[in-house]
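upload-v5.txt (compact mmCIF, C-alpha atoms)
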```
# COMPACT_ATOMS: atom_id res chain seq x y z
CA MET A 1 -2.42 24.28 9.08
CA ASP A 2 0.28 26.90 8.94
CA SER A 3 3.40 26.86 6.79
CA LYS A 4 5.36 25.05 9.52
CA ASP A 5 2.81 22.22 9.55
CA TRP A 6 2.80 21.94 5.76
CA ARG A 7 6.59 21.77 5.79
CA GLY A 8 6.21 19.02 8.40
CA VAL A 9 3.90 17.08 6.09
CA GLY A 10 6.37 17.57 3.24
CA ALA A 11 9.19 16.25 5.43
CA MET A 12 7.05 13.18 6.24
CA VAL A 13 6.51 12.53 2.53
CA VAL A 14 10.24 12.81 1.82
CA ASP A 15 11.23 10.62 4.77
CA CYS A 16 8.60 7.95 3.99
CA THR A 17 9.63 7.87 0.32
CA VAL A 18 13.34 7.42 1.08
CA ARG A 19 12.63 4.73 3.70
CA LEU A 20 10.15 2.85 1.51
CA PHE A 21 12.52 2.63 -1.44
CA GLY A 22 15.33 1.75 0.94
CA THR A 23 13.46 -1.43 1.88
CA PHE A 24 13.96 -2.52 -1.75
CA GLY A 25 17.65 -1.65 -1.71
CA ALA A 26 17.19 1.57 -3.71
CA GLU A 27 19.04 4.54 -2.23
CA LEU A 28 17.20 7.62 -3.43
CA ARG A 29 18.89 11.01 -3.47
CA TYR A 30 16.50 13.82 -2.58
CA THR A 31 16.96 16.71 -4.98
CA GLY A 32 14.31 19.09 -3.68
CA SER A 33 11.28 20.65 -5.30
CA PRO A 34 11.88 21.13 -9.01
CA ASP A 35 10.55 24.03 -11.01
CA PRO A 36 9.64 23.23 -13.68
CA ILE A 37 8.65 19.64 -12.95
CA PRO A 38 10.88 17.38 -15.05
CA ALA A 39 9.64 15.54 -18.10
CA ALA A 40 10.59 12.02 -19.14
CA ASP A 41 10.30 10.01 -22.34
CA GLN A 42 8.27 7.45 -20.47
CA LEU A 43 6.58 7.90 -17.14
CA THR A 44 4.35 5.74 -14.95
CA VAL A 45 2.06 7.62 -12.58
CA ALA A 46 -0.05 6.47 -9.64
CA VAL A 47 -2.63 8.65 -7.90
CA ILE A 48 -4.34 7.87 -4.59
CA GLY A 49 -7.03 10.03 -3.06
CA LEU A 50 -7.13 10.73 0.66
CA ALA A 51 -9.93 12.21 2.70
CA SER A 52 -11.08 13.07 6.17
CA GLU A 53 -12.61 16.03 7.94
CA ALA A 54 -9.08 17.22 8.72
CA LEU A 55 -7.39 16.79 5.36
CA ARG A 56 -8.39 15.92 1.81
CA GLY A 57 -6.40 15.66 -1.37
CA SER A 58 -4.25 13.16 -3.21
CA LEU A 59 -0.81 11.68 -3.43
CA VAL A 60 0.74 11.55 -6.89
CA MET A 61 3.82 9.48 -7.63
CA GLY A 62 5.52 9.53 -11.02
CA ALA A 63 8.54 7.40 -11.86
CA THR A 64 10.69 6.50 -14.81
CA PRO A 65 10.55 2.79 -15.72
CA LYS A 66 13.98 1.96 -14.35
CA VAL A 67 13.11 3.18 -10.84
CA LEU A 68 10.16 0.80 -10.80
CA GLU A 69 12.18 -2.05 -12.30
CA LEU A 70 14.96 -1.58 -9.75
CA THR A 71 12.54 -1.94 -6.85
CA HIS A 72 10.21 -4.62 -8.21
CA PRO A 73 10.38 -7.43 -5.65
CA LEU A 74 10.32 -10.27 -8.15
CA ARG A 75 12.46 -8.73 -10.88
CA THR A 76 15.70 -9.83 -9.29
CA GLU A 77 14.52 -13.40 -9.62
CA LYS A 78 13.28 -13.11 -13.19
CA GLY A 79 15.41 -10.28 -14.65
CA GLY A 80 14.53 -8.37 -17.81
CA HIS A 81 12.27 -5.38 -18.33
CA LEU A 82 8.76 -5.05 -16.97
CA ASP A 83 5.87 -4.57 -19.38
CA ASN A 84 3.59 -1.55 -19.02
CA GLU A 85 0.94 -3.46 -17.10
CA SER A 86 3.51 -4.65 -14.55
CA LEU A 87 4.96 -1.12 -14.25
CA ARG A 88 1.50 0.33 -13.55
CA ASP A 89 0.65 -2.44 -11.10
CA TRP A 90 3.87 -1.95 -9.16
CA ALA A 91 3.56 1.85 -9.22
CA GLY A 92 0.07 1.54 -7.73
CA GLU A 93 1.30 -0.79 -4.99
CA LEU A 94 4.29 1.45 -4.19
CA ALA A 95 2.06 4.53 -3.99
CA ASN A 96 -0.30 2.57 -1.74
CA ARG A 97 2.56 1.60 0.57
CA LEU A 98 3.90 5.16 0.53
CA VAL A 99 0.61 6.79 1.43
CA GLY A 100 0.12 4.08 4.08
CA ARG A 101 3.39 5.16 5.70
CA VAL A 102 2.42 8.83 5.51
CA LYS A 103 -0.93 7.93 7.07
CA ILE A 104 0.87 6.36 10.04
CA GLN A 105 3.04 9.47 10.46
CA LEU A 106 -0.03 11.71 10.36
CA LEU A 107 -1.74 9.45 12.91
CA THR A 108 1.10 9.98 15.36
CA HIS A 109 0.47 13.72 15.01
CA GLY A 110 -3.24 13.35 15.66
CA ILE A 111 -4.54 13.44 12.07
CA THR A 112 -6.56 10.54 10.67
CA ILE A 113 -7.13 10.10 6.93
CA GLN A 114 -8.91 7.46 4.87
CA LEU A 115 -7.32 6.22 1.67
CA GLY A 116 -8.71 5.47 -1.76
CA THR A 117 -7.42 2.89 -4.20
CA PRO A 118 -4.72 3.75 -6.74
CA THR A 119 -5.37 4.92 -10.27
CA THR A 120 -2.39 4.35 -12.53
CA MET A 121 -1.35 5.44 -15.99
CA SER A 122 1.73 5.28 -18.15
CA GLY A 123 2.76 6.94 -21.34
CA ARG A 124 5.30 8.87 -23.34
CA GLU A 125 5.87 12.58 -22.75
CA LEU A 126 3.57 12.61 -19.72
CA THR A 127 4.17 15.64 -17.53
CA LEU A 128 2.77 16.32 -14.10
CA GLY A 129 0.86 19.58 -13.98
CA ALA A 130 2.39 22.41 -11.98
CA ALA A 131 -0.86 24.17 -11.07
CA LEU A 132 -1.27 23.68 -7.34
CA LYS A 133 -4.41 24.47 -5.35
CA ASN A 134 -2.25 24.65 -2.27
CA PRO A 135 1.13 26.27 -2.95
CA GLU A 136 2.41 24.90 0.37
CA CYS A 137 2.33 21.35 -1.10
CA LEU A 138 5.48 21.16 -3.14
CA PRO A 139 6.50 18.32 -5.44
CA HIS A 140 9.49 16.34 -4.17
CA CYS A 141 12.01 14.89 -6.60
CA PHE A 142 14.42 12.00 -6.00
CA GLU A 143 17.15 10.62 -8.20
CA ILE A 144 18.75 7.23 -8.51
CA GLY A 145 21.45 7.14 -11.14
CA ASP A 146 20.07 8.85 -14.25
CA ASP A 147 16.49 8.08 -13.32
CA TRP A 148 14.05 9.88 -11.08
CA LEU A 149 10.92 9.72 -9.03
CA LEU A 150 8.56 12.54 -8.18
CA VAL A 151 6.07 12.57 -5.30
CA ARG A 152 3.53 15.24 -4.54
CA MET A 153 0.95 15.13 -1.80
CA GLU A 154 -1.45 17.94 -2.45
CA ALA A 155 -4.14 18.56 0.09
CA VAL A 156 -6.33 21.17 1.68
CA ALA A 157 -6.93 21.20 5.41
CA HIS A 158 -9.85 22.09 7.63
CA PRO A 159 -9.16 25.50 9.19
CA GLU A 160 -8.76 23.94 12.64
CA THR A 161 -6.44 21.13 11.53
CA LYS A 162 -2.92 21.24 12.92
CA LEU A 163 -0.11 18.78 13.48
CA SER A 164 0.30 17.87 17.12
CA ASP A 165 3.62 19.13 18.48
CA ASP A 166 3.77 16.08 20.72
CA PRO A 167 3.75 13.02 18.44
CA LYS A 168 2.45 9.88 20.10
CA PRO A 169 3.35 6.44 18.81
CA VAL A 170 0.31 4.60 17.53
CA PRO A 171 0.14 1.01 18.81
CA ALA A 172 0.62 -1.88 16.43
CA THR A 173 1.77 0.22 13.51
CA ASP A 174 5.30 -0.98 12.92
CA GLU A 175 5.94 -1.74 9.28
CA GLY A 176 6.32 -5.48 8.96
CA GLY A 177 4.54 -5.82 12.29
CA MET A 178 2.34 -8.84 12.88
CA LEU A 179 -0.60 -9.30 15.20
CA ILE A 180 -2.11 -12.73 15.71
CA PHE A 181 -5.48 -12.51 17.46
CA MET B 1 -2.96 -31.36 -3.29
CA GLY B 2 -1.97 -29.19 -0.30
CA LYS B 3 -4.24 -27.02 1.78
CA LYS B 4 -5.84 -24.21 -0.16
CA ILE B 5 -4.97 -20.59 0.52
CA LEU B 6 -6.85 -17.75 -1.19
CA VAL B 7 -4.80 -14.57 -1.73
CA VAL B 8 -6.95 -11.47 -2.27
CA ASP B 9 -5.14 -8.32 -3.42
CA ASP B 10 -5.76 -5.85 -6.24
CA SER B 11 -2.03 -5.72 -6.97
CA ARG B 12 -0.73 -8.58 -9.08
CA THR B 13 2.78 -7.89 -7.77
CA ALA B 14 1.59 -8.13 -4.16
CA ARG B 15 -0.16 -11.45 -4.92
CA GLN B 16 2.99 -12.73 -6.58
CA GLN B 17 5.02 -11.75 -3.51
CA VAL B 18 2.74 -13.84 -1.30
CA ILE B 19 2.82 -16.77 -3.72
CA SER B 20 6.61 -16.54 -3.86
CA ALA B 21 6.82 -16.48 -0.04
CA LEU B 22 4.61 -19.58 0.24
CA ASP B 23 6.39 -21.43 -2.56
CA GLY B 24 7.67 -24.74 -1.29
CA SER B 25 5.46 -24.73 1.81
CA GLY B 26 3.04 -27.22 0.29
CA TYR B 27 0.02 -24.94 -0.06
CA GLU B 28 -2.20 -24.66 -3.13
CA VAL B 29 -2.64 -20.92 -3.72
CA LEU B 30 -5.69 -19.36 -5.38
CA GLU B 31 -5.90 -15.67 -6.36
CA ALA B 32 -8.60 -13.00 -6.33
CA VAL B 33 -8.33 -9.36 -7.41
CA ASP B 34 -10.75 -7.70 -4.96
CA GLY B 35 -13.19 -8.55 -2.18
CA LYS B 36 -16.03 -9.33 -4.54
CA ASP B 37 -13.89 -11.69 -6.59
CA GLY B 38 -12.62 -13.13 -3.31
CA LEU B 39 -16.13 -14.05 -2.17
CA THR B 40 -16.83 -15.70 -5.54
CA LYS B 41 -13.60 -17.73 -5.38
CA LEU B 42 -14.25 -18.63 -1.76
CA ALA B 43 -17.79 -19.81 -2.57
CA ALA B 44 -16.35 -22.06 -5.26
CA ASN B 45 -13.63 -23.37 -2.90
CA LEU B 46 -15.28 -23.89 0.47
CA ASP B 47 -12.42 -26.17 1.52
CA THR B 48 -10.09 -23.12 1.60
CA THR B 49 -7.94 -23.25 4.73
CA LEU B 50 -7.03 -19.56 4.94
CA VAL B 51 -7.77 -16.25 3.21
CA ILE B 52 -4.87 -13.78 3.05
CA CYS B 53 -6.56 -10.48 2.35
CA ASP B 54 -5.59 -6.89 1.54
CA VAL B 55 -7.78 -4.12 2.99
CA ASN B 56 -7.91 -1.24 0.50
CA MET B 57 -9.27 -2.68 -2.74
CA PRO B 58 -11.69 -1.52 -5.43
CA LYS B 59 -15.28 -2.88 -5.64
CA MET B 60 -15.17 -4.45 -2.17
CA SER B 61 -12.62 -3.88 0.59
CA GLY B 62 -11.02 -6.66 2.59
CA LEU B 63 -12.99 -5.72 5.70
CA GLU B 64 -16.26 -5.80 3.75
CA MET B 65 -15.31 -9.20 2.37
CA LEU B 66 -14.53 -10.45 5.88
CA VAL B 67 -17.88 -9.25 7.23
CA GLU B 68 -19.80 -10.79 4.29
CA ALA B 69 -17.98 -14.10 4.73
CA ARG B 70 -18.86 -14.13 8.42
CA GLN B 71 -22.55 -13.75 7.51
CA ASN B 72 -22.44 -16.76 5.18
CA PRO B 73 -22.80 -20.04 7.11
CA ALA B 74 -20.69 -21.85 4.50
CA MET B 75 -17.74 -19.47 5.00
CA VAL B 76 -18.11 -18.47 8.62
CA GLY B 77 -15.30 -20.75 9.79
CA THR B 78 -12.69 -19.80 7.19
CA PRO B 79 -9.89 -17.85 8.91
CA PHE B 80 -8.74 -14.50 7.50
CA LEU B 81 -5.25 -13.00 7.77
CA MET B 82 -5.20 -9.33 6.78
CA LEU B 83 -2.08 -8.21 4.85
CA THR B 84 -2.11 -4.48 4.25
CA THR B 85 -0.34 -1.12 4.36
CA GLU B 86 -3.07 0.06 6.73
CA ALA B 87 -2.17 0.35 10.41
CA GLN B 88 -4.99 2.48 11.79
CA PRO B 89 -5.90 0.94 15.19
CA GLU B 90 -9.64 1.33 14.52
CA LEU B 91 -9.34 -0.79 11.35
CA VAL B 92 -7.30 -3.44 13.18
CA GLN B 93 -9.99 -3.51 15.86
CA GLN B 94 -12.76 -3.79 13.27
CA ALA B 95 -11.03 -6.77 11.69
CA ARG B 96 -10.51 -8.42 15.05
CA GLN B 97 -14.14 -7.93 16.03
CA ALA B 98 -15.24 -9.33 12.67
CA GLY B 99 -13.24 -12.47 13.35
CA ALA B 100 -9.91 -12.00 11.55
CA LYS B 101 -7.12 -14.16 12.95
CA GLY B 102 -4.26 -11.78 12.28
CA TRP B 103 -3.01 -8.52 10.78
CA ILE B 104 0.32 -8.02 9.03
CA ILE B 105 1.56 -4.62 7.88
CA LYS B 106 3.34 -4.48 4.50
CA PRO B 107 6.13 -4.78 3.67
CA PHE B 108 6.39 -8.28 5.13
CA LYS B 109 9.28 -10.66 5.52
CA PRO B 110 8.53 -13.95 3.70
CA GLU B 111 9.52 -16.08 6.69
CA MET B 112 7.22 -14.07 8.94
CA LEU B 113 4.29 -14.62 6.58
CA VAL B 114 4.97 -18.35 6.45
CA THR B 115 5.12 -18.47 10.27
CA ALA B 116 1.76 -16.69 10.54
CA VAL B 117 0.18 -18.90 7.89
CA LYS B 118 1.38 -22.11 9.56
CA LYS B 119 0.16 -20.87 12.93
CA ILE B 120 -3.32 -20.16 11.58
CA ALA B 121 -3.73 -22.73 8.80
CA GLY B 122 -1.51 -25.46 10.13
```
Once more with this new file: its structure as structure tokens, please.
Amino acid sequence: MDSKDWRGVGAMVVDCTVRLFGTFGAELRYTGSPDPIPAADQLTVAVIGLASEALRGSLVMGATPKVLELTHPLRTEKGGHLDNESLRDWAGELANRLVGRVKIQLLTHGITIQLGTPTTMSGRELTLGAALKNPECLPHCFEIGDDWLLVRMEAVAHPETKLSDDPKPVPATDEGGMLIF
Amino acid sequence: MGKKILVVDDSRTARQQVISALDGSGYEVLEAVDGKDGLTKLAANLDTTLVICDVNMPKMSGLEMLVEARQNPAMVGTPFLMLTTEAQPELVQQARQAGAKGWIIKPFKPEMLVTAVKKIAG
């Protein structure tokens, strides 16, 4: 993949992140690719591996607690703060939904990937490492109020992998779509 | 007691979302955390009316659980509704061929899930 394709993948990650959080009523503000990557007192991180002949790597999502609390689907009913286990659980599910959306976008451009299951962690003074194997895969930062979310999809591609210039809708892939057989 | 529905998802939040959506619909909801746990819970509750099942899970995926259930004479008739972020047509086709009754892509609207459940489970 050339730089244009990698920028295309980055744009997919940004678009999917904004749209996903929008479904929970959270309007994220994209602030670009930070250098250095910000640090937070408390951070919850989810990592999901992705693999195929075309592309292999991982998606990393790190968020401050409030971002996760704001979007938690049941919090509005119960109120209050989420405990660490709930924060990790929700971060894993959000990362899963995010990488699922990116997978659909890649499918429309002719690239199929298989997904792993999320690994999550939380802690104080966690920082996401800046060392990238592929410098084309930049971290993307989003803000909501004083809190933030960081997403990085880092991958390496097969030399012949490229994004199709003619995206084709994949049948039965609408989010919220239902098929009864 | 209402009809039993088994919800299989490795995310507690996702299971809670399904339980919340079905609240008040008269179903008794059981939970399992992966496909392996799902098979164990299903074996212990053979009167389950419907399995609502995620696809990507640790230990055993939803599709693997579906295939194993179809090979067990005691579970072969239990309908499965897949509820997942996955939308790859090949996976949808695999589930259909294995006997799943439906496929819903997350995020779901609660009323849509209830409609699908009533259509399949009655």
Original post:
What does the distance between CA of Arg70 (chain B) and CA of Met178 (chain A) come to in Å, to one decimal place?
Top reply: 22.3 Å
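Between CA of Pro110 (chain B) and CA of Ile19 (chain B) the interatomic distance comes to 9.8 Å.
Here the selection is built from all atoms listed in the file, and the residues within 9 Å of (-1.7, -2.8, -9.6) turn out to be Glu85, Ser86, Leu87, Arg88, Asp89, Trp90, Ala91, Gly92, Glu93, Pro118, Thr119 and Thr120 of chain A; Asp9, Asp10, Ser11, Arg12, Thr13 and Ala14 of chain B.
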**OP:** At a cut-off of 9 Å, list the chain A residues touching chain B, using all atoms listed in the file, as an MDAnalysis selection string.
**Re:** chainID A and resid 20 23 72:74 86 89:90 92:93 96:101 103:104 107 112 115:118 170:181
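Here CA of Arg56 (chain A) stands at a distance of 6.6 Å from CA of Ala157 (chain A).
With all atoms listed in the file taken into account, the protein and nucleic acid residues at most 8 Å from Val7 (chain B) (excluding it and anything under 6 positions from it in its own chain) are B:Arg15, B:Val18, B:Val29, B:Leu30, B:Glu31, B:Ala32, B:Val51, B:Ile52, B:Cys53.
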**OP:** Could you give me, as number ranges by chain, the residues that have an atom at most 12 Å away from the point (-13.0, -22.7, -1.2) in the coordinates of the file, using all atoms listed in the file?
**Re:** B: 3-7, 28-32, 38-51, 69, 74-79
**OP:** Please identify all polymer residues within 8 Å of region 66-70 of chain A, counting all atoms listed in the file, omitting same-chain residues fewer than 4 positions from it, and present them as a count of residues only.
**Re:** 11
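Using all atoms listed in the file for every distance, the candidate list A:Gly8, A:Thr17, A:Val151, A:Gly32 yields A:Gly8 as the residue closest to Pro167 (chain A).
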Subject >> Given all atoms listed in the file as the counted atoms, nearest of A:Gly110, A:Gly49, A:Pro36, A:Gly25 to Thr71 (chain A) >> reply: A:Gly25
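Comparing the minimum interatomic distances between Met60 (chain B) and each of B:Gly26, B:Val8, B:Phe80, B:Asn72, counting only C-alpha atoms, we find that B:Val8 sits nearest.
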Subject >> Residues within 10 Å of Asp5 (chain A), only C-alpha atoms, excluding chain neighbours under 6 positions, as a list in words >> reply: Ala11, Glu136, Thr161, Lys162, Leu163, Ser164 and Asp165 of chain A
**OP:** Return the single residue from A:Gly123, A:Gly10, A:Gly129, A:Gly145 that is closest to Pro38 (chain A), with distances computed using all atoms listed in the file.
**Re:** A:Gly129
As lines of an AutoDock Vina configuration file, please report the centre and edge lengths, rounded to one decimal in Å, of the axis-aligned box that holds all listed atoms of region 62-65 of chain A with 8 Å of padding on each of the six sides.
```
center_x = 8.1
center_y = 6.2
center_z = -13.4
size_x = 21.2
size_y = 22.7
size_z = 20.7
```
